[in-house]
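Visitor: Following this message is one structure expressed as structure tokens.
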Amino acid sequence: MARRYSMVAAFAGLVVAIQVATYLAGAPYHLTQLTMTAYYSLLIVGLCMLIGYAGQISLGHAGFFAIGGYVSAFLTTHDLAAHKGLRLVALLQKAGMLLERSDLYGGSHLVVHPWLACAAAVLLAVVIAYVVGGPVLKLRGHYLAMATLGFGIIIYRVALGTELLGAADGISEVPGFPLPFGLIISGNASVRVSNYYLAWGLVILGMVLLLNLIQSRVGRALSAVHGAEDAAGAIGIPTARYKLNTFVLSAAFASVAGVFLTHYNGGIGPSEASVMKSVRYVAIVAIGGMANLWGALLMSLVLNYLSLRGYFGTFDDAVFGVILILIMLFAPDGLLRRHILADLKRLASGGASDEEAA
């Protein structure tokens, strides 16, 4: 058990070291992109679980990210003052689920509390994942990839063409997300450091959940499904249920990431649901190792940060496309293969000999 969390502790140390380095270098503004990277990384580790352990490719996960972000943004910015007479609105307001907030012009709006909006966004993503995943996950290979690609395109076009969602402009003026102890998820520079730790803390919690899942009976069943689905079904493993549940779990990770990044940025646009976003996520999982959570996380940290800082310029999408092609051709197991991360884990745990799945 202690060895399992050695990499978690090491990664937490890396997160602290990066923040200290930015402070000493007098460049705290780097934490903005690093915080955004954390939320994208939450989606990527969930996608890694789906691809690497359930053996299901998804080219539509940007859609679930956008569902989370758009639903939460809409509910926390749409004025319900005109509907105060409705019984449901009155009950929600009495229960403290609605908030009064001022707009840029001094007007007062009645909006849904961010916590309720978050719950609604994640719930909707989970329901859609169940509805879509049931029939889609019966497909295999490139048929599955095309089906999930189609789902992503649908979400993108809906976001782009719906006036209520801001169409091409998206939704702006999304409020910060309040947390206990006076904390808030917001892009305000005054809370930059706390937001950095909150974001990466959420990623670490997600990693702990997935690492424990991998080491459980469910994780072993997923490995069997990935290795030989027909054989796994023959010995009594409910392969369809495991694949669907993993798909839903990864969709939940993506929607949570979408909710918090939207509140951090103060808005969301249709580009977050684009096909190239989904391709980017798959490329990062591929380069980190299809069944390597730590590899995917580390590659996400590096590549998303470089992208957000603008190092790839106008060739940003092209870079991720080239990465995906090269990885598939020359390193289908990823650059950070399991045994490499296992060696690092043994060093971090004082030379332990037994390898645990990353």
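Naming works like this for the structure tokens: A, B, ... for the chains as they're shown, residue 1 at the start of each chain, ligands 1 onward in shown order.
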Hey, could you make a per-residue contact list for region 17-40 of chain A against region 176-185 of chain A with 12 Å as the cut-off, showing the nearest pair of atoms and its distance in Å to one decimal, counting only C-alpha atoms, sorted by chain and number, as CSV?

Guide:
```
residue,atom,partner,partner_atom,distance
A:Thr32,CA,A:Ile185,CA,11.9
A:Thr35,CA,A:Ile185,CA,10.4
A:Met36,CA,A:Ile185,CA,11.4
A:Tyr39,CA,A:Ile185,CA,11.8
```

Visitor: Hey, could you make a per-residue contact list for region 92-196 of chain A against region 277-297 of chain A with 12 Å as the cut-off, showing the nearest pair of atoms and its distance in Å to one decimal, counting only C-alpha atoms, sorted by chain and number, as JSON lines?

Guide:
```
{"residue": "A:Ala145", "atom": "CA", "partner": "A:Val279", "partner_atom": "CA", "distance": 10.9}
{"residue": "A:Thr148", "atom": "CA", "partner": "A:Ser278", "partner_atom": "CA", "distance": 9.9}
{"residue": "A:Leu149", "atom": "CA", "partner": "A:Ser278", "partner_atom": "CA", "distance": 8.5}
{"residue": "A:Gly150", "atom": "CA", "partner": "A:Ser278", "partner_atom": "CA", "distance": 11.6}
{"residue": "A:Phe151", "atom": "CA", "partner": "A:Ser278", "partner_atom": "CA", "distance": 11.1}
{"residue": "A:Gly152", "atom": "CA", "partner": "A:Ser278", "partner_atom": "CA", "distance": 8.0}
{"residue": "A:Ile153", "atom": "CA", "partner": "A:Ser278", "partner_atom": "CA", "distance": 10.2}
{"residue": "A:Ile155", "atom": "CA", "partner": "A:Ser278", "partner_atom": "CA", "distance": 11.9}
{"residue": "A:Tyr156", "atom": "CA", "partner": "A:Lys277", "partner_atom": "CA", "distance": 10.6}
```

Visitor: Per residue of region 185-261 of chain A within 10 Å of region 65-73 of chain A, which atom pair is closest and at what distance in Å (one decimal), using only C-alpha atoms, listed by chain and increasing number, as CSV?

Guide:
```
residue,atom,partner,partner_atom,distance
A:Ala251,CA,A:Phe65,CA,7.7
A:Ala252,CA,A:Gly68,CA,8.6
A:Phe253,CA,A:Phe65,CA,8.3
A:Ala254,CA,A:Phe65,CA,4.7
A:Ser255,CA,A:Gly68,CA,4.1
A:Val256,CA,A:Gly68,CA,6.3
A:Ala257,CA,A:Phe65,CA,6.5
A:Gly258,CA,A:Gly69,CA,4.4
A:Val259,CA,A:Gly69,CA,4.3
A:Phe260,CA,A:Gly69,CA,7.5
A:Leu261,CA,A:Gly69,CA,7.4
```

Visitor: With C-alpha atoms retained, export the selected residues as a PDB file, in the first residue's frame.

Guide:
```
ATOM      1  CA  ALA A 251     -16.818  11.082 -19.113  1.00  0.00           C
ATOM      2  CA  ALA A 252     -17.379  12.175 -15.505  1.00  0.00           C
ATOM      3  CA  PHE A 253     -13.684  13.099 -15.190  1.00  0.00           C
ATOM      4  CA  ALA A 254     -13.924  15.126 -18.404  1.00  0.00           C
ATOM      5  CA  SER A 255     -17.079  16.957 -17.319  1.00  0.00           C
ATOM      6  CA  VAL A 256     -15.651  17.834 -13.891  1.00  0.00           C
ATOM      7  CA  ALA A 257     -12.562  19.213 -15.627  1.00  0.00           C
ATOM      8  CA  GLY A 258     -14.783  21.239 -17.947  1.00  0.00           C
ATOM      9  CA  VAL A 259     -16.776  22.703 -15.058  1.00  0.00           C
ATOM     10  CA  PHE A 260     -13.777  23.871 -13.046  1.00  0.00           C
ATOM     11  CA  LEU A 261     -11.747  25.171 -15.997  1.00  0.00           C
TER      12      LEU A 261
END
```

Visitor: As a PyMOL selection string, please: all residues of region 82-230 of chain A that backbone DSSP puts in alpha helix (DSSP H).

Guide: chain A and resi 87-94+114-136+141-161+192-214+217-227+229-230

Visitor: Looking at only C-alpha atoms, which of A:Leu324, A:Leu306, A:Ala240, A:Val174 is the one that sits closest to Gly267 (chain A)?

Guide: A:Val174
